[in-house]
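K.L.:
Please see the structure below; I have some questions.
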Amino acid sequence: MTAPRYDVLVLGEVLVEIHADTALRAAADGTAARISYSGDALNAAAAAAAAGARTALLTVVGDDELSVPLLRRAAGLGVDTAHVRRAPRPNGAYLLSADPDGDREFVYWRTHSAASTLSPAHVGDWLPLLTGCRALITSGITGALSPTSRAAVLAAARAVHAAGGLVTYDPNHRPRLTGRAEARSLLAEVAPLTGLLKTSCPADALALVDTADPPTAAARYRALGARTVAVTAGPDRLLLDDGTRAVYHPVPVDPAPVDTTGAGDCFAGTATARLALGDPLARAVAYGAAAASLSVAGRGGTGRVPSFTETAALAARVAEDTA
């Protein structure tokens, strides 16, 4: 049987998200919270699907009761979950508190999670999908979950790259999850395989390439082998370095943000989807920036996934305003 062809595959972790109504240090007995579903892989996959790409999630979920609503949420966001595997482990989870200024606090429970069992064996099972897809999205978070998940990231990226597909990688450095040396080592191996490396500055850049300057960061990522680098530097600055020049692109700013969680994932998912569908780089990046701006109006990583109609309309207005 021929493997289905996808525009975008997303390899990574899905998390149960518990969103607290107060700062975590102020949480007391009876503090209200809401459950939803997130994780950088689900956030990016949801954005890619909303941008019009046929998208599938490649992950491992647990055997606990939350796996059913978790997968139902992913499917409801337009993401194909037919290839998700299961493991006799709990799903990873995190507790989140956020304010509109982007100040966020996280507490994670992901040690020995189902997603941490991702391995090259899974990639082998998914190989027909990977070699037939147009693009793969994965991240440094996925690579930091366990030694086997690190190997899975590399195996999947190599397979897609060798088949001529686009690899999008977000280092997404999390100091509580991995050390700088380990993150840098993975980056050095993945960067030469990437068509688009999306990163933050100063957070990722200081930890991984020793600079808080976006153009310098982009140049250093490109020196590692990344073909194109998109550097987000706050809510209103995006630098794109395609190897011919490094240029800041206009970024719309939401006037009333609620929560910035997942905005970077939304950018990566949207931009990758539009590249996979044939849009030129600058236009795909403009769509990614518009979608990320719209996404901050919702709570949590998948609380606001804009439709492509909304995204395209906002990108068009930004282009008119800056013409």
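Here's how to read the names in the structure tokens: chain A, B, ... by the order shown, residue numbers from 1 in each chain, ligand numbers from 1 in the order shown.
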If you count only C-alpha atoms, which residues fall within 8 Å of A:Gly195, apart from same-chain ones fewer than 2 positions away, as number ranges by chain?
P.N.:
A: 166-168, 193, 197, 226-228
K.L.:
Tell me, as a ChimeraX atom specification, which residues lie within 10 Å of stretch 303-316 of chain A, counting only C-alpha atoms; anything in the same chain fewer than 3 positions away does not count.
P.N.:
/A:36-38,43-44,46-52,77,250-252,259,261-263,266,270,283-300,319-321
K.L.:
If you run DSSP on the backbone, which residues of stretch 80-301 of chain A are alpha helix (DSSP H), as a CSV table (one decimal) with N, CA and C atoms, in the first residue's frame?
P.N.:
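Output below, filename out.csv:
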chain,number,residue,atom,x,y,z
A,120,PRO,N,14.5,6.0,17.0
A,120,PRO,CA,14.7,5.6,15.6
A,120,PRO,C,13.8,4.5,15.1
A,121,ALA,N,13.4,3.6,16.0
A,121,ALA,CA,12.5,2.6,15.5
A,121,ALA,C,11.2,3.1,15.0
A,122,HIS,N,10.7,4.2,15.7
A,122,HIS,CA,9.4,4.8,15.3
A,122,HIS,C,9.7,5.5,13.9
A,123,VAL,N,10.8,6.2,13.8
A,123,VAL,CA,11.2,6.8,12.5
A,123,VAL,C,11.2,5.8,11.4
A,124,GLY,N,11.8,4.6,11.7
A,124,GLY,CA,11.8,3.6,10.7
A,124,GLY,C,10.4,3.2,10.2
A,125,ASP,N,9.4,3.1,11.2
A,125,ASP,CA,8.0,2.8,10.8
A,125,ASP,C,7.4,3.9,10.0
A,126,TRP,N,7.9,5.2,10.3
A,126,TRP,CA,7.3,6.3,9.6
A,126,TRP,C,8.1,6.7,8.3
A,127,LEU,N,9.1,5.9,8.0
A,127,LEU,CA,10.0,6.3,6.9
A,127,LEU,C,9.3,6.6,5.6
A,128,PRO,N,8.3,5.7,5.2
A,128,PRO,CA,7.6,6.0,3.9
A,128,PRO,C,6.9,7.4,4.0
A,129,LEU,N,6.4,7.8,5.1
A,129,LEU,CA,5.7,9.1,5.3
A,129,LEU,C,6.8,10.2,5.1
A,130,LEU,N,7.9,10.0,5.8
A,130,LEU,CA,8.9,11.1,5.8
A,130,LEU,C,9.5,11.3,4.5
A,131,THR,N,9.8,10.2,3.7
A,131,THR,CA,10.4,10.4,2.4
A,131,THR,C,9.5,10.9,1.4
A,132,GLY,N,8.2,10.8,1.7
A,132,GLY,CA,7.2,11.3,0.8
A,132,GLY,C,6.6,12.7,1.1
A,140,GLY,N,14.4,21.4,19.2
A,140,GLY,CA,15.3,21.0,20.2
A,140,GLY,C,14.7,20.5,21.5
A,141,ILE,N,13.4,20.8,21.7
A,141,ILE,CA,12.7,20.2,22.9
A,141,ILE,C,12.5,18.7,22.6
A,142,THR,N,12.1,18.4,21.4
A,142,THR,CA,11.9,17.0,21.1
A,142,THR,C,13.3,16.2,21.3
A,143,GLY,N,14.3,16.8,20.8
A,143,GLY,CA,15.6,16.2,20.9
A,143,GLY,C,16.2,16.1,22.3
A,144,ALA,N,15.6,16.9,23.2
A,144,ALA,CA,16.1,16.9,24.6
A,144,ALA,C,15.3,15.9,25.5
A,147,PRO,N,17.7,10.3,25.1
A,147,PRO,CA,18.7,10.0,24.1
A,147,PRO,C,18.0,9.4,22.9
A,148,THR,N,17.0,8.6,23.0
A,148,THR,CA,16.3,8.0,21.9
A,148,THR,C,15.5,9.0,21.1
A,149,SER,N,15.0,10.0,21.7
A,149,SER,CA,14.2,11.1,21.0
A,149,SER,C,15.2,11.9,20.2
A,150,ARG,N,16.4,12.2,20.8
A,150,ARG,CA,17.4,12.9,20.1
A,150,ARG,C,17.8,12.2,18.8
A,151,ALA,N,18.0,10.9,18.9
A,151,ALA,CA,18.3,10.1,17.7
A,151,ALA,C,17.2,10.1,16.7
A,152,ALA,N,15.9,10.1,17.2
A,152,ALA,CA,14.8,10.2,16.3
A,152,ALA,C,14.7,11.5,15.5
A,153,VAL,N,15.0,12.6,16.2
A,153,VAL,CA,15.1,13.9,15.5
A,153,VAL,C,16.1,13.8,14.4
A,154,LEU,N,17.3,13.3,14.7
A,154,LEU,CA,18.3,13.3,13.6
A,154,LEU,C,17.9,12.4,12.5
A,155,ALA,N,17.4,11.2,12.8
A,155,ALA,CA,17.0,10.2,11.8
A,155,ALA,C,15.9,10.8,10.9
A,156,ALA,N,14.9,11.4,11.5
A,156,ALA,CA,13.8,12.0,10.7
A,156,ALA,C,14.3,13.1,9.8
A,157,ALA,N,15.1,14.0,10.4
A,157,ALA,CA,15.6,15.1,9.6
A,157,ALA,C,16.5,14.7,8.4
A,158,ARG,N,17.3,13.7,8.7
A,158,ARG,CA,18.2,13.1,7.6
A,158,ARG,C,17.4,12.5,6.5
A,159,ALA,N,16.3,11.8,6.9
A,159,ALA,CA,15.5,11.2,5.9
A,159,ALA,C,14.8,12.2,5.0
A,160,VAL,N,14.2,13.2,5.6
A,160,VAL,CA,13.5,14.2,4.8
A,160,VAL,C,14.5,15.0,3.9
A,161,HIS,N,15.6,15.4,4.5
A,161,HIS,CA,16.6,16.1,3.8
A,161,HIS,C,17.1,15.3,2.6
A,162,ALA,N,17.4,14.1,2.8
A,162,ALA,CA,17.9,13.2,1.7
A,162,ALA,C,16.9,13.0,0.6
A,180,ARG,N,23.4,23.5,27.9
A,180,ARG,CA,23.8,24.2,26.7
A,180,ARG,C,24.7,23.3,25.8
A,181,ALA,N,25.6,22.6,26.4
A,181,ALA,CA,26.5,21.7,25.6
A,181,ALA,C,25.7,20.7,24.8
A,182,GLU,N,24.7,20.1,25.4
A,182,GLU,CA,23.9,19.1,24.7
A,182,GLU,C,23.0,19.8,23.6
A,183,ALA,N,22.5,21.0,23.9
A,183,ALA,CA,21.7,21.7,22.9
A,183,ALA,C,22.5,22.1,21.7
A,184,ARG,N,23.7,22.6,22.0
A,184,ARG,CA,24.6,23.0,20.9
A,184,ARG,C,25.1,21.8,20.1
A,185,SER,N,25.3,20.7,20.7
A,185,SER,CA,25.7,19.5,19.9
A,185,SER,C,24.6,19.1,19.0
A,186,LEU,N,23.4,19.0,19.4
A,186,LEU,CA,22.3,18.7,18.5
A,186,LEU,C,22.1,19.7,17.4
A,187,LEU,N,22.2,21.0,17.8
A,187,LEU,CA,22.1,22.0,16.8
A,187,LEU,C,23.1,21.9,15.7
A,188,ALA,N,24.4,21.5,16.1
A,188,ALA,CA,25.4,21.4,15.1
A,188,ALA,C,25.1,20.3,14.1
A,189,GLU,N,24.5,19.2,14.6
A,189,GLU,CA,24.1,18.1,13.7
A,189,GLU,C,22.9,18.4,12.8
A,190,VAL,N,21.9,19.1,13.4
A,190,VAL,CA,20.7,19.3,12.6
A,190,VAL,C,20.8,20.5,11.7
A,203,ALA,N,16.9,34.8,23.8
A,203,ALA,CA,16.9,33.5,24.6
A,203,ALA,C,17.7,32.4,24.0
A,204,ASP,N,17.3,31.9,22.8
A,204,ASP,CA,18.1,30.9,22.2
A,204,ASP,C,19.5,31.3,21.8
A,205,ALA,N,19.6,32.5,21.2
A,205,ALA,CA,20.8,33.0,20.6
A,205,ALA,C,21.9,33.1,21.7
A,206,LEU,N,21.6,33.6,22.9
A,206,LEU,CA,22.6,33.7,23.9
A,206,LEU,C,23.1,32.3,24.3
A,207,ALA,N,22.2,31.4,24.5
A,207,ALA,CA,22.6,30.1,25.0
A,207,ALA,C,23.3,29.3,23.9
A,208,LEU,N,23.0,29.5,22.6
A,208,LEU,CA,23.4,28.5,21.6
A,208,LEU,C,24.5,29.1,20.7
A,209,VAL,N,24.5,30.4,20.5
A,209,VAL,CA,25.5,31.0,19.6
A,209,VAL,C,26.2,32.3,20.2
A,214,PRO,N,20.5,40.0,16.7
A,214,PRO,CA,19.9,39.1,15.8
A,214,PRO,C,20.7,38.9,14.5
A,215,PRO,N,21.3,39.9,13.8
A,215,PRO,CA,22.0,39.6,12.6
A,215,PRO,C,23.2,38.7,12.9
A,216,THR,N,23.9,38.9,14.0
A,216,THR,CA,25.1,38.1,14.3
A,216,THR,C,24.6,36.7,14.6
A,217,ALA,N,23.5,36.5,15.3
A,217,ALA,CA,22.9,35.2,15.5
A,217,ALA,C,22.6,34.5,14.2
A,218,ALA,N,21.9,35.2,13.3
A,218,ALA,CA,21.6,34.6,12.1
A,218,ALA,C,22.8,34.1,11.3
A,219,ALA,N,23.8,34.9,11.3
A,219,ALA,CA,25.0,34.6,10.6
A,219,ALA,C,25.7,33.4,11.2
A,220,ARG,N,25.7,33.3,12.5
A,220,ARG,CA,26.3,32.1,13.2
A,220,ARG,C,25.5,30.8,13.0
A,221,TYR,N,24.2,30.9,12.9
A,221,TYR,CA,23.4,29.7,12.6
A,221,TYR,C,23.6,29.3,11.2
A,222,ARG,N,23.8,30.3,10.3
A,222,ARG,CA,24.0,29.9,8.9
A,222,ARG,C,25.4,29.3,8.7
A,223,ALA,N,26.4,29.8,9.5
A,223,ALA,CA,27.7,29.2,9.5
A,223,ALA,C,27.7,27.7,9.9
A,263,ALA,N,3.3,31.2,20.3
A,263,ALA,CA,3.4,32.1,19.1
A,263,ALA,C,4.5,31.7,18.2
A,264,GLY,N,5.6,31.3,18.7
A,264,GLY,CA,6.8,30.9,17.9
A,264,GLY,C,6.5,29.7,17.1
A,265,ASP,N,5.8,28.7,17.7
A,265,ASP,CA,5.4,27.5,17.1
A,265,ASP,C,4.4,27.8,16.0
A,266,CYS,N,3.5,28.7,16.2
A,266,CYS,CA,2.5,29.1,15.2
A,266,CYS,C,3.2,29.7,14.0
A,267,PHE,N,4.2,30.5,14.2
A,267,PHE,CA,5.0,31.1,13.1
A,267,PHE,C,5.6,29.9,12.3
A,268,ALA,N,6.3,29.0,13.0
A,268,ALA,CA,7.0,27.9,12.3
A,268,ALA,C,6.0,27.1,11.5
A,269,GLY,N,4.9,26.7,12.1
A,269,GLY,CA,3.9,25.9,11.4
A,269,GLY,C,3.3,26.6,10.2
A,270,THR,N,3.0,27.8,10.4
A,270,THR,CA,2.4,28.6,9.2
A,270,THR,C,3.4,28.8,8.1
A,271,ALA,N,4.6,29.3,8.4
A,271,ALA,CA,5.6,29.5,7.4
A,271,ALA,C,6.0,28.3,6.7
A,272,THR,N,6.2,27.2,7.4
A,272,THR,CA,6.5,25.9,6.8
A,272,THR,C,5.4,25.4,5.9
A,273,ALA,N,4.2,25.5,6.3
A,273,ALA,CA,3.1,25.1,5.5
A,273,ALA,C,3.0,25.8,4.2
A,274,ARG,N,3.2,27.1,4.3
A,274,ARG,CA,3.1,27.9,3.1
A,274,ARG,C,4.3,27.7,2.1
A,275,LEU,N,5.5,27.4,2.7
A,275,LEU,CA,6.6,27.0,1.9
A,275,LEU,C,6.3,25.7,1.2
A,276,ALA,N,5.7,24.8,1.9
A,276,ALA,CA,5.4,23.4,1.4
A,276,ALA,C,4.4,23.5,0.3
A,281,LEU,N,9.6,32.6,-0.1
A,281,LEU,CA,10.0,32.7,1.3
A,281,LEU,C,9.5,33.9,2.0
A,282,ALA,N,9.6,35.1,1.4
A,282,ALA,CA,9.1,36.3,2.0
A,282,ALA,C,7.7,36.3,2.3
A,283,ARG,N,6.9,35.8,1.4
A,283,ARG,CA,5.4,35.7,1.7
A,283,ARG,C,5.1,34.7,2.7
A,284,ALA,N,5.7,33.5,2.7
A,284,ALA,CA,5.5,32.5,3.7
A,284,ALA,C,5.8,33.1,5.1
A,285,VAL,N,6.9,33.8,5.2
A,285,VAL,CA,7.3,34.4,6.5
A,285,VAL,C,6.4,35.5,6.9
A,286,ALA,N,5.8,36.2,6.0
A,286,ALA,CA,4.8,37.3,6.3
A,286,ALA,C,3.6,36.6,6.9
A,287,TYR,N,3.2,35.5,6.3
A,287,TYR,CA,2.0,34.8,6.8
A,287,TYR,C,2.3,34.2,8.2
A,288,GLY,N,3.5,33.7,8.4
A,288,GLY,CA,3.9,33.2,9.7
A,288,GLY,C,3.8,34.3,10.8
A,289,ALA,N,4.3,35.4,10.5
A,289,ALA,CA,4.3,36.5,11.4
A,289,ALA,C,2.9,37.0,11.7
A,290,ALA,N,2.0,37.0,10.7
A,290,ALA,CA,0.6,37.4,10.9
A,290,ALA,C,-0.1,36.4,11.8
A,291,ALA,N,0.1,35.1,11.5
A,291,ALA,CA,-0.6,34.1,12.3
A,291,ALA,C,-0.1,34.1,13.7
A,292,ALA,N,1.2,34.3,14.0
A,292,ALA,CA,1.7,34.3,15.3
A,292,ALA,C,1.1,35.5,16.1
A,293,SER,N,1.0,36.7,15.4
A,293,SER,CA,0.4,37.8,16.1
A,293,SER,C,-1.1,37.5,16.5
A,294,LEU,N,-1.8,36.9,15.6
A,294,LEU,CA,-3.2,36.6,15.9
A,294,LEU,C,-3.3,35.6,17.0
A,295,SER,N,-2.4,34.7,17.1
A,295,SER,CA,-2.5,33.6,18.1
A,295,SER,C,-2.4,34.0,19.5
K.L.:
Give the answer as one residue: which of A:Leu277, A:Ala75, A:His249, A:Asp40 has the shortest atom-to-atom distance to A:His173, using only C-alpha atoms?
P.N.:
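Once distances to A:His173 are computed over only C-alpha atoms, the minimum belongs to A:Asp40.
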K.L.:
Could you pull out the residues in stretch 111-279 of chain A that DSSP calls strand (DSSP E) from the backbone, as a count of residues only?
P.N.:
27
K.L.:
Kindly indicate which residue among A:Ser97, A:Ser113, A:Ser119, A:Ser139 lies nearest to A:Asp63, using only C-alpha atoms for the distances.
P.N.:
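The answer is A:Ser113, which sits nearest to A:Asp63.
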K.L.:
Counting only C-alpha atoms, which of A:Gly179, A:Pro255, A:Gly62, A:Gly164 gets nearest to A:Arg89?
P.N.:
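The answer is A:Gly62, which sits nearest to A:Arg89.
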K.L.:
List as a ChimeraX atom specification the protein and nucleic acid residues near A:Leu15, meaning an atom at most 7 Å away when only C-alpha atoms are counted, but skip any in the same chain fewer than 2 places from it.
P.N.:
/A:13,17,37-39,91-94
K.L.:
Could you tell me how far atom CA of A:Leu136 sits from atom CA of A:Ala212, in Å to one decimal place?
P.N.:
27.8 Å
K.L.:
For A:Gly30, list every protein, DNA or RNA residue within 12 Å, evaluated using only C-alpha atoms, and leave out those in the same chain fewer than 6 positions away; present the list as a short mmCIF file (atom, residue, chain, number, x, y, z; two decimals) with N, CA and C atoms, in the first residue's frame.
P.N.:
data_model
loop_
_atom_site.label_atom_id
_atom_site.label_comp_id
_atom_site.auth_asym_id
_atom_site.auth_seq_id
_atom_site.Cartn_x
_atom_site.Cartn_y
_atom_site.Cartn_z
N ALA A 20 -3.18 27.97 34.94
CA ALA A 20 -3.62 28.52 36.22
C ALA A 20 -4.09 29.95 36.06
N ASP A 21 -5.02 30.35 36.91
CA ASP A 21 -5.58 31.70 36.85
C ASP A 21 -4.78 32.72 37.64
N THR A 22 -3.67 32.30 38.23
CA THR A 22 -2.87 33.23 39.02
C THR A 22 -1.40 32.89 38.85
#
K.L.:
Kindly give the distance, in Å, that separates atom CA of A:Val60 and atom CA of A:Gly165, rounded to a single decimal.
P.N.:
23.0 Å
K.L.:
Kindly indicate which residue among A:Ala45, A:Ala87, A:Tyr6, A:Gly12 lies nearest to A:Leu145, using only C-alpha atoms for the distances.
P.N.:
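Nearest to A:Leu145: A:Gly12.
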K.L.:
Using only C-alpha atoms, which residues sit within 9 Å of A:Ala56 once same-chain residues fewer than 3 positions away are excluded, as a PDB file with C-alpha atoms, in the first residue's frame?
P.N.:
ATOM      1  CA  TYR A   6       1.563  14.933   3.474  1.00  0.00           C
ATOM      2  CA  ASP A   7       2.556  18.538   2.982  1.00  0.00           C
ATOM      3  CA  VAL A   8       3.843  18.791   6.556  1.00  0.00           C
ATOM      4  CA  LEU A   9       4.799  16.240   9.183  1.00  0.00           C
ATOM      5  CA  VAL A  10       5.496  17.349  12.757  1.00  0.00           C
ATOM      6  CA  LEU A  11       7.694  15.185  14.957  1.00  0.00           C
ATOM      7  CA  ALA A  45       0.892  21.120  13.548  1.00  0.00           C
ATOM      8  CA  ALA A  49      -3.147  22.612   9.150  1.00  0.00           C
ATOM      9  CA  GLY A  78      -7.312  19.475  11.484  1.00  0.00           C
ATOM     10  CA  VAL A  79      -4.239  17.369  12.265  1.00  0.00           C
ATOM     11  CA  ASP A  80      -4.097  13.729  11.131  1.00  0.00           C
ATOM     12  CA  THR A  81      -3.403  11.516  14.149  1.00  0.00           C
ATOM     13  CA  ALA A  82      -3.549   8.177  12.309  1.00  0.00           C
ATOM     14  CA  HIS A  83       0.182   7.572  12.737  1.00  0.00           C
ATOM     15  CA  VAL A  84       0.445   8.401  16.450  1.00  0.00           C
TER      16      VAL A  84
END
